[in-house]
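All remarks here apply to the structure that follows.
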Amino acid sequence: MRKKIVAGNWKMHKTCGEARELVLAVLAGLSESLRQRADVIFCPPFTALDTVSELVKGQPTVFSGAQNCHWAASGAYTGEVSAPMLRACGASYVIIGHSERRQYFHEDDALLAQKVEVALQHGLRPIFCVGEPLDVREASGHLKWVEQQLQLGLFDLNADQFAQVVIAYEPVWAIGTGRVATDGQAQEMHAHIRSLVAHRYGTAVAQRLHILYGGSCKPSNAAGLFSQPDVDGGLIGGASLAAEEFLGIIHAC
Ligand code: PGA
């Protein structure tokens, strides 16, 4: 049985002080039974990563992660942040390939594969995001679309490297829109992803892989999504910004 994971992607929200307040409120609500049911990952902006990492330090089921990293370990890249810097800040995870990065920052599959590689080299576990836009879904091209993203972004990794990866399926049409995938749509895609992984890396690796759902996940719809056999938790945007809502989703695990 895979343990659930609930990750909060705060995007460009929360100052350091607000981050501290939110993490402390969530930690206060995490009972022992919730901690046994789900691992929790906070992904604040870079500026709050150090603060959040300190707060979760020593808590075996709670982690911090970044929302992005550069493809190089260091260099003349003004304004950028590298994987070893994130690791030194205490981050355990890094989100790579979020659709907002793909769309607004023109990150393509080849670049994302480099980011995954550098993250792994420096001890960070990638949360690799895939997902189709609405027109692709409407033309029934979603399974093929995600297959291509996995092939180009992840499938050059060896099995040891791949074992460190978490995948998040986030249909672009569901992110921040209030339009959530149905339980059936999520399960169909998650099962598809797991079978592609089984084909590439074998059944044992595929069975251990965590595949999170993301896109308008809330306390009211999380239980249905999380009860699907191949949905191993969620990557939560808007609903991760308030302790009560985020805890409500963790309760659904
Ligand atoms: P949302 O975002 O939960 O606000 O839809 C999810 C995400 O972008 O990771």
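Note on naming: chains are A, B, ... as they come in the structure tokens, residues start from 1 per chain, ligands start from 1 in the order shown.
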
Q.
as a list in words, please: the residues near segment 131-141 of chain A (cut-off 10 Å, only C-alpha atoms, same-chain neighbours under 2 positions excluded).
A. Gly97, His98, Ser99, Cys129, Leu143, Lys144, Trp145, Val146, Glu147, Gln149, Ala168, Tyr169, Glu170, Pro171, Val172, Trp173, Ala174, Ile175, Met189, Tyr213, Gly214 and Gly215 of chain A

Q.
With DSSP run on the backbone, what are the helix (DSSP H, G or I) residues within segment 143-223 of chain A? I'd like them as a VMD selection string.
A. chain A and resid 143 to 153 159 to 162 172 to 174 183 to 201 203 to 208 219 to 223

**Q.** Contacts of Phe128 of chain A at 9 Å (only C-alpha atoms; same-chain gap of 3+ positions) as number ranges by chain
**A.** A: 94-98, 112, 116, 150, 153-154, 165-169

Convert the current residue selection to file output with N, CA and C atoms, as a compact mmCIF listing (two decimals), in the first residue's frame.
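Contents of selection23.txt, as written:
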# COMPACT_ATOMS: atom_id res chain seq x y z
N VAL A 94 11.49 19.16 -5.22
CA VAL A 94 11.35 20.34 -6.07
C VAL A 94 10.32 20.03 -7.16
N ILE A 95 9.38 20.95 -7.32
CA ILE A 95 8.39 20.80 -8.40
C ILE A 95 9.08 21.17 -9.71
N ILE A 96 8.93 20.32 -10.70
CA ILE A 96 9.53 20.58 -12.01
C ILE A 96 8.47 20.36 -13.08
N GLY A 97 8.39 21.32 -14.01
CA GLY A 97 7.48 21.16 -15.14
C GLY A 97 6.05 21.54 -14.87
N HIS A 98 5.83 22.37 -13.85
CA HIS A 98 4.46 22.85 -13.62
C HIS A 98 3.97 23.56 -14.89
N LEU A 112 13.29 20.61 -19.14
CA LEU A 112 12.77 19.99 -17.91
C LEU A 112 13.54 18.72 -17.57
N VAL A 116 15.39 17.92 -14.04
CA VAL A 116 15.20 16.69 -13.27
C VAL A 116 16.55 16.08 -12.92
N LEU A 150 6.02 12.42 -20.51
CA LEU A 150 6.80 11.49 -19.67
C LEU A 150 8.03 10.99 -20.41
N GLY A 153 10.50 13.98 -20.73
CA GLY A 153 10.95 14.60 -19.49
C GLY A 153 11.61 13.64 -18.51
N LEU A 154 11.17 12.36 -18.52
CA LEU A 154 11.61 11.45 -17.45
C LEU A 154 12.23 10.14 -17.91
N VAL A 165 11.44 9.81 -8.15
CA VAL A 165 10.53 10.79 -8.75
C VAL A 165 9.09 10.58 -8.27
N VAL A 166 8.41 11.69 -8.05
CA VAL A 166 6.96 11.70 -7.83
C VAL A 166 6.36 12.36 -9.07
N ILE A 167 5.26 11.83 -9.56
CA ILE A 167 4.61 12.44 -10.72
C ILE A 167 3.32 13.11 -10.26
N ALA A 168 3.05 14.30 -10.80
CA ALA A 168 1.77 14.96 -10.54
C ALA A 168 1.03 15.11 -11.85
N TYR A 169 -0.18 14.55 -11.92
CA TYR A 169 -1.02 14.77 -13.09
C TYR A 169 -1.91 15.98 -12.82

Q: Compare A:Thr177, A:Gly90, A:Pro229, A:Gly29 by their minimum atom-to-atom distance to Val56 of chain A, counting only C-alpha atoms, and give me the closest one.
A: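 Between A:Thr177, A:Gly90, A:Pro229, A:Gly29, the residue approaching Val56 of chain A most closely is A:Gly90.
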
Q. Of the candidates A:Thr203, A:Ser33, A:Gln228, A:Gln164, which shows the shortest atom-to-atom distance to Gln187 of chain A, using only C-alpha atoms?
A.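 Smallest separation from Gln187 of chain A among the options: A:Gln228.
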
(Q) Show me, as a ChimeraX atom specification, the residues that have an atom within 9 Å of segment 238-242 of chain A when counting only C-alpha atoms, minus same-chain residues fewer than 2 positions from it. (A) /A:7-11,13-14,22,25-26,42,176,216-219,235-236,244-247,249

Q: Using DSSP on the backbone, list every residue of segment 66-249 of chain A that comes out as strand (DSSP E or B), and give them as an NGL selection string.
A: :A and (66 or 93-96 or 125-130 or 166-169 or 211-214 or 233-236)

Limited to N, CA, C and O atoms, could you put the picked residues into a file as an mmCIF file, in the first residue's frame?
data_model
loop_
_atom_site.group_PDB
_atom_site.id
_atom_site.type_symbol
_atom_site.label_atom_id
_atom_site.label_comp_id
_atom_site.auth_asym_id
_atom_site.auth_seq_id
_atom_site.Cartn_x
_atom_site.Cartn_y
_atom_site.Cartn_z
ATOM 1 N N ALA A 66 10.849 23.079 -3.146
ATOM 2 C CA ALA A 66 10.836 24.306 -3.937
ATOM 3 C C ALA A 66 9.876 24.136 -5.108
ATOM 4 O O ALA A 66 9.407 23.035 -5.388
ATOM 5 N N TYR A 93 12.285 18.214 -1.781
ATOM 6 C CA TYR A 93 11.599 18.049 -3.068
ATOM 7 C C TYR A 93 11.747 19.311 -3.904
ATOM 8 O O TYR A 93 12.021 20.391 -3.379
ATOM 9 N N VAL A 94 11.494 19.158 -5.219
ATOM 10 C CA VAL A 94 11.351 20.338 -6.067
ATOM 11 C C VAL A 94 10.325 20.026 -7.157
ATOM 12 O O VAL A 94 10.376 18.958 -7.773
ATOM 13 N N ILE A 95 9.382 20.953 -7.325
ATOM 14 C CA ILE A 95 8.391 20.801 -8.397
ATOM 15 C C ILE A 95 9.082 21.167 -9.714
ATOM 16 O O ILE A 95 9.753 22.201 -9.807
ATOM 17 N N ILE A 96 8.932 20.315 -10.700
ATOM 18 C CA ILE A 96 9.532 20.583 -12.011
ATOM 19 C C ILE A 96 8.470 20.357 -13.085
ATOM 20 O O ILE A 96 7.731 19.372 -13.055
ATOM 21 N N ARG A 125 14.184 15.327 -4.581
ATOM 22 C CA ARG A 125 13.234 14.470 -5.285
ATOM 23 C C ARG A 125 12.319 15.332 -6.147
ATOM 24 O O ARG A 125 11.598 16.194 -5.624
ATOM 25 N N PRO A 126 12.323 15.129 -7.464
ATOM 26 C CA PRO A 126 11.450 15.925 -8.334
ATOM 27 C C PRO A 126 9.980 15.530 -8.195
ATOM 28 O O PRO A 126 9.657 14.345 -8.100
ATOM 29 N N ILE A 127 9.119 16.528 -8.146
ATOM 30 C CA ILE A 127 7.676 16.302 -8.330
ATOM 31 C C ILE A 127 7.407 16.776 -9.751
ATOM 32 O O ILE A 127 7.335 17.980 -10.022
ATOM 33 N N PHE A 128 7.352 15.835 -10.667
ATOM 34 C CA PHE A 128 7.326 16.181 -12.086
ATOM 35 C C PHE A 128 5.870 16.279 -12.561
ATOM 36 O O PHE A 128 5.109 15.321 -12.447
ATOM 37 N N CYS A 129 5.516 17.453 -13.094
ATOM 38 C CA CYS A 129 4.122 17.698 -13.470
ATOM 39 C C CYS A 129 3.873 17.437 -14.948
ATOM 40 O O CYS A 129 4.653 17.854 -15.802
ATOM 41 N N VAL A 130 2.767 16.778 -15.212
ATOM 42 C CA VAL A 130 2.315 16.561 -16.581
ATOM 43 C C VAL A 130 0.830 16.906 -16.637
ATOM 44 O O VAL A 130 0.160 16.952 -15.602
ATOM 45 N N VAL A 166 8.410 11.692 -8.047
ATOM 46 C CA VAL A 166 6.965 11.699 -7.832
ATOM 47 C C VAL A 166 6.359 12.359 -9.069
ATOM 48 O O VAL A 166 6.907 13.340 -9.578
ATOM 49 N N ILE A 167 5.260 11.825 -9.564
ATOM 50 C CA ILE A 167 4.608 12.442 -10.725
ATOM 51 C C ILE A 167 3.316 13.105 -10.263
ATOM 52 O O ILE A 167 2.593 12.565 -9.407
ATOM 53 N N ALA A 168 3.054 14.297 -10.804
ATOM 54 C CA ALA A 168 1.767 14.957 -10.537
ATOM 55 C C ALA A 168 1.025 15.112 -11.853
ATOM 56 O O ALA A 168 1.558 15.719 -12.791
ATOM 57 N N TYR A 169 -0.181 14.552 -11.919
ATOM 58 C CA TYR A 169 -1.022 14.771 -13.094
ATOM 59 C C TYR A 169 -1.909 15.979 -12.820
ATOM 60 O O TYR A 169 -2.740 15.956 -11.912
ATOM 61 N N ILE A 211 1.704 8.905 -7.668
ATOM 62 C CA ILE A 211 1.141 9.780 -8.705
ATOM 63 C C ILE A 211 0.078 10.649 -8.048
ATOM 64 O O ILE A 211 -0.946 10.148 -7.556
ATOM 65 N N LEU A 212 0.342 11.948 -7.989
ATOM 66 C CA LEU A 212 -0.560 12.889 -7.316
ATOM 67 C C LEU A 212 -1.485 13.532 -8.340
ATOM 68 O O LEU A 212 -1.087 13.751 -9.488
ATOM 69 N N TYR A 213 -2.695 13.880 -7.916
ATOM 70 C CA TYR A 213 -3.600 14.641 -8.766
ATOM 71 C C TYR A 213 -3.550 16.112 -8.360
ATOM 72 O O TYR A 213 -3.521 16.438 -7.160
ATOM 73 N N GLY A 214 -3.559 16.998 -9.339
ATOM 74 C CA GLY A 214 -3.613 18.428 -9.037
ATOM 75 C C GLY A 214 -4.556 19.156 -9.987
ATOM 76 O O GLY A 214 -4.658 18.811 -11.168
ATOM 77 N N GLY A 233 -2.647 10.847 -3.774
ATOM 78 C CA GLY A 233 -2.642 12.095 -3.027
ATOM 79 C C GLY A 233 -2.774 13.253 -3.994
ATOM 80 O O GLY A 233 -3.212 13.079 -5.133
ATOM 81 N N GLY A 234 -2.405 14.461 -3.530
ATOM 82 C CA GLY A 234 -2.647 15.636 -4.351
ATOM 83 C C GLY A 234 -1.533 16.662 -4.311
ATOM 84 O O GLY A 234 -0.770 16.747 -3.339
ATOM 85 N N LEU A 235 -1.465 17.426 -5.391
ATOM 86 C CA LEU A 235 -0.643 18.641 -5.435
ATOM 87 C C LEU A 235 -1.647 19.793 -5.440
ATOM 88 O O LEU A 235 -2.407 19.966 -6.390
ATOM 89 N N ILE A 236 -1.635 20.535 -4.351
ATOM 90 C CA ILE A 236 -2.724 21.469 -4.074
ATOM 91 C C ILE A 236 -2.247 22.909 -4.212
ATOM 92 O O ILE A 236 -1.272 23.297 -3.558
#
